[in-house]
Amino acid sequence: ATTLMCGALAGYYMRLWTNPINRTFHEANRMGVSPLEAAKAMKAKTLLQFWYTGHPLIANAIYFGSLMMCFEGTRRFLERNGAPAGTPVGNALTNGTAGAVGALVASTVTYPVSATRYAKTVIHDSAICRGMLPTLAKEVPMSFIVFGTYSLLQSAIASHHSARGGFGYSKN
């Protein structure tokens, strides 16, 4: 439950802070003006303009909560059942696989809400608008790469972390 809540809060705050940036750049591109001019035009209407076409904050919280909960459960399962662990590459493969499974579950759980939301916006170039399989084809490899790369970088840059690559466990 803690992992679900921490992941949900992380996803919620990520969208809360990045939606205005994404929306501003999207509108600037659509309007053919600078991002600063687009931000001023949107702010002149209402501050809520920055979140109108963004992903629903609650759906994002559910997505990241599910992703992190499934990641942790899958990682622990893999480690207990002979996954290649103990080396940076082994950990990257284990964590990448666990991240991919987490993305598979999280995308499947949140797809109906996300697809309905995106269908109501002017943004139809998303994988979500093309169906469940294109969404999974994007999310699963992306999460494998993100979690695997994170593990490799943690072991290379932050050697004070244990063999798990910095996922909450230090040597001390």
# chains A, B, ... in the order shown; residues from 1 in each chain; ligands from 1

call {"tool": "residues_around", "arguments": {"residues": "Met132 of chain A", "least_positions_apart": "3", "cutoff": "8 Å", "atoms": "only C-alpha atoms", "output": "JSON, numbers by chain"}}
result
{"A": [108, 111, 128, 135, 136]}

call {"tool": "atom_distance", "arguments": {"atom1": "atom CA of Leu78 of chain A", "atom2": "atom CA of Ser155 of chain A"}}
result
19.1 Å

call {"tool": "atom_distance", "arguments": {"atom1": "atom CA of Leu152 of chain A", "atom2": "atom CA of Thr87 of chain A"}}
result
9.5 Å

call {"tool": "residues_around", "arguments": {"residues": "Pro88 of chain A", "least_positions_apart": "3", "cutoff": "10 Å", "atoms": "only C-alpha atoms", "output": "VMD selection string"}}
result
chain A and resid 84 to 85 91 to 94 148 151 to 156 163 to 165

call {"tool": "write_last_selection", "arguments": {"atoms": "N, CA, C and O atoms", "output": "tab-separated table (two decimals), in the first residue's frame"}}
result
chain	number	residue	atom	x	y	z
A	84	PRO	N	18.90	-12.59	-12.82
A	84	PRO	CA	20.32	-12.21	-12.75
A	84	PRO	C	20.51	-10.94	-11.93
A	84	PRO	O	20.19	-9.86	-12.38
A	85	ALA	N	20.95	-11.10	-10.71
A	85	ALA	CA	21.13	-9.95	-9.83
A	85	ALA	C	22.55	-9.97	-9.28
A	85	ALA	O	23.25	-10.97	-9.37
A	91	ASN	N	21.20	-6.42	-12.64
A	91	ASN	CA	20.19	-5.59	-11.98
A	91	ASN	C	19.41	-4.76	-12.98
A	91	ASN	O	18.20	-4.59	-12.84
A	92	ALA	N	20.09	-4.23	-13.99
A	92	ALA	CA	19.41	-3.44	-15.02
A	92	ALA	C	18.39	-4.30	-15.76
A	92	ALA	O	17.27	-3.85	-16.03
A	93	LEU	N	18.75	-5.53	-16.07
A	93	LEU	CA	17.81	-6.43	-16.77
A	93	LEU	C	16.62	-6.78	-15.87
A	93	LEU	O	15.47	-6.78	-16.32
A	94	THR	N	16.90	-7.06	-14.61
A	94	THR	CA	15.83	-7.39	-13.67
A	94	THR	C	14.90	-6.19	-13.47
A	94	THR	O	13.67	-6.32	-13.56
A	148	GLY	N	15.77	0.17	-16.43
A	148	GLY	CA	17.08	-0.43	-16.64
A	148	GLY	C	18.19	0.61	-16.65
A	148	GLY	O	19.24	0.42	-16.03
A	151	SER	N	18.92	1.93	-13.21
A	151	SER	CA	19.73	0.99	-12.44
A	151	SER	C	21.20	1.07	-12.82
A	151	SER	O	22.08	1.07	-11.96
A	152	LEU	N	21.47	1.12	-14.12
A	152	LEU	CA	22.87	1.20	-14.57
A	152	LEU	C	23.52	2.50	-14.12
A	152	LEU	O	24.67	2.50	-13.66
A	153	LEU	N	22.81	3.61	-14.26
A	153	LEU	CA	23.37	4.90	-13.87
A	153	LEU	C	23.59	4.99	-12.36
A	153	LEU	O	24.60	5.54	-11.91
A	154	GLN	N	22.66	4.44	-11.59
A	154	GLN	CA	22.82	4.47	-10.13
A	154	GLN	C	24.08	3.72	-9.72
A	154	GLN	O	24.83	4.18	-8.89
A	155	SER	N	24.31	2.56	-10.30
A	155	SER	CA	25.49	1.78	-9.91
A	155	SER	C	26.77	2.47	-10.38
A	155	SER	O	27.81	2.34	-9.73
A	156	ALA	N	26.71	3.20	-11.48
A	156	ALA	CA	27.91	3.88	-12.00
A	156	ALA	C	28.18	5.20	-11.28
A	156	ALA	O	29.32	5.53	-10.98
A	163	ALA	N	23.62	-3.28	-4.53
A	163	ALA	CA	23.51	-3.94	-5.82
A	163	ALA	C	22.13	-3.78	-6.44
A	163	ALA	O	21.96	-4.00	-7.63
A	164	ARG	N	21.16	-3.38	-5.67
A	164	ARG	CA	19.82	-3.20	-6.23
A	164	ARG	C	19.70	-1.95	-7.07
A	164	ARG	O	18.64	-1.64	-7.59
A	165	GLY	N	20.75	-1.19	-7.19
A	165	GLY	CA	20.74	-0.03	-8.06
A	165	GLY	C	20.00	1.16	-7.49
A	165	GLY	O	19.53	2.01	-8.24

call {"tool": "closest_residue", "arguments": {"among": "A:Ser34, A:Asn95, A:Ser107, A:Asn60", "to": "Ile145 of chain A", "atoms": "only C-alpha atoms"}}
result
A:Asn95

call {"tool": "residues_around", "arguments": {"residues": "Thr110 of chain A", "least_positions_apart": "4", "cutoff": "9 Å", "atoms": "only C-alpha atoms", "output": "ChimeraX atom specification"}}
result
/A:59-60,62-63,105-106,114-115

call {"tool": "closest_residue", "arguments": {"among": "A:Ala158, A:Gly65, A:Val109, A:Thr97", "to": "Val146 of chain A", "atoms": "only C-alpha atoms"}}
result
A:Thr97

call {"tool": "atom_distance", "arguments": {"atom1": "atom CA of Ala103 of chain A", "atom2": "atom CA of His26 of chain A"}}
result
25.3 Å

call {"tool": "closest_residue", "arguments": {"among": "A:Gly99, A:Pro35, A:Pro20, A:Gly86", "to": "Phe144 of chain A", "atoms": "only C-alpha atoms"}}
result
A:Gly99

call {"tool": "decode", "arguments": {"residues": "segment 138-156 of chain A", "atoms": "N, CA and C atoms", "output": "mmCIF file, in the first residue's frame"}}
result
data_model
loop_
_atom_site.group_PDB
_atom_site.id
_atom_site.type_symbol
_atom_site.label_atom_id
_atom_site.label_comp_id
_atom_site.auth_asym_id
_atom_site.auth_seq_id
_atom_site.Cartn_x
_atom_site.Cartn_y
_atom_site.Cartn_z
ATOM 1 N N LYS A 138 4.249 1.188 -26.893
ATOM 2 C CA LYS A 138 5.038 2.368 -26.521
ATOM 3 C C LYS A 138 5.477 2.296 -25.056
ATOM 4 N N GLU A 139 4.552 2.007 -24.155
ATOM 5 C CA GLU A 139 4.807 2.084 -22.717
ATOM 6 C C GLU A 139 5.728 0.988 -22.185
ATOM 7 N N VAL A 140 5.555 -0.242 -22.646
ATOM 8 C CA VAL A 140 6.324 -1.362 -22.090
ATOM 9 C C VAL A 140 7.820 -1.225 -22.383
ATOM 10 N N PRO A 141 8.229 -1.032 -23.657
ATOM 11 C CA PRO A 141 9.672 -0.861 -23.891
ATOM 12 C C PRO A 141 10.233 0.408 -23.247
ATOM 13 N N MET A 142 9.421 1.473 -23.235
ATOM 14 C CA MET A 142 9.872 2.720 -22.625
ATOM 15 C C MET A 142 10.185 2.502 -21.140
ATOM 16 N N SER A 143 9.323 1.801 -20.436
ATOM 17 C CA SER A 143 9.554 1.549 -19.014
ATOM 18 C C SER A 143 10.730 0.607 -18.797
ATOM 19 N N PHE A 144 10.889 -0.376 -19.675
ATOM 20 C CA PHE A 144 12.059 -1.258 -19.576
ATOM 21 C C PHE A 144 13.333 -0.430 -19.653
ATOM 22 N N ILE A 145 13.380 0.481 -20.603
ATOM 23 C CA ILE A 145 14.572 1.307 -20.799
ATOM 24 C C ILE A 145 14.778 2.258 -19.620
ATOM 25 N N VAL A 146 13.711 2.891 -19.148
ATOM 26 C CA VAL A 146 13.829 3.846 -18.043
ATOM 27 C C VAL A 146 14.329 3.163 -16.771
ATOM 28 N N PHE A 147 13.700 2.064 -16.383
ATOM 29 C CA PHE A 147 14.094 1.393 -15.141
ATOM 30 C C PHE A 147 15.478 0.748 -15.270
ATOM 31 N N GLY A 148 15.766 0.166 -16.430
ATOM 32 C CA GLY A 148 17.078 -0.433 -16.641
ATOM 33 C C GLY A 148 18.193 0.605 -16.652
ATOM 34 N N THR A 149 17.958 1.707 -17.350
ATOM 35 C CA THR A 149 18.954 2.775 -17.409
ATOM 36 C C THR A 149 19.173 3.394 -16.040
ATOM 37 N N TYR A 150 18.093 3.600 -15.305
ATOM 38 C CA TYR A 150 18.208 4.132 -13.948
ATOM 39 C C TYR A 150 19.114 3.235 -13.111
ATOM 40 N N SER A 151 18.917 1.932 -13.206
ATOM 41 C CA SER A 151 19.729 0.985 -12.436
ATOM 42 C C SER A 151 21.203 1.070 -12.824
ATOM 43 N N LEU A 152 21.472 1.117 -14.124
ATOM 44 C CA LEU A 152 22.866 1.198 -14.571
ATOM 45 C C LEU A 152 23.525 2.496 -14.116
ATOM 46 N N LEU A 153 22.812 3.610 -14.257
ATOM 47 C CA LEU A 153 23.374 4.901 -13.868
ATOM 48 C C LEU A 153 23.592 4.989 -12.360
ATOM 49 N N GLN A 154 22.658 4.441 -11.588
ATOM 50 C CA GLN A 154 22.815 4.468 -10.131
ATOM 51 C C GLN A 154 24.082 3.720 -9.721
ATOM 52 N N SER A 155 24.305 2.559 -10.303
ATOM 53 C CA SER A 155 25.492 1.785 -9.911
ATOM 54 C C SER A 155 26.774 2.466 -10.378
ATOM 55 N N ALA A 156 26.713 3.202 -11.483
ATOM 56 C CA ALA A 156 27.908 3.876 -11.999
ATOM 57 C C ALA A 156 28.178 5.199 -11.279
#
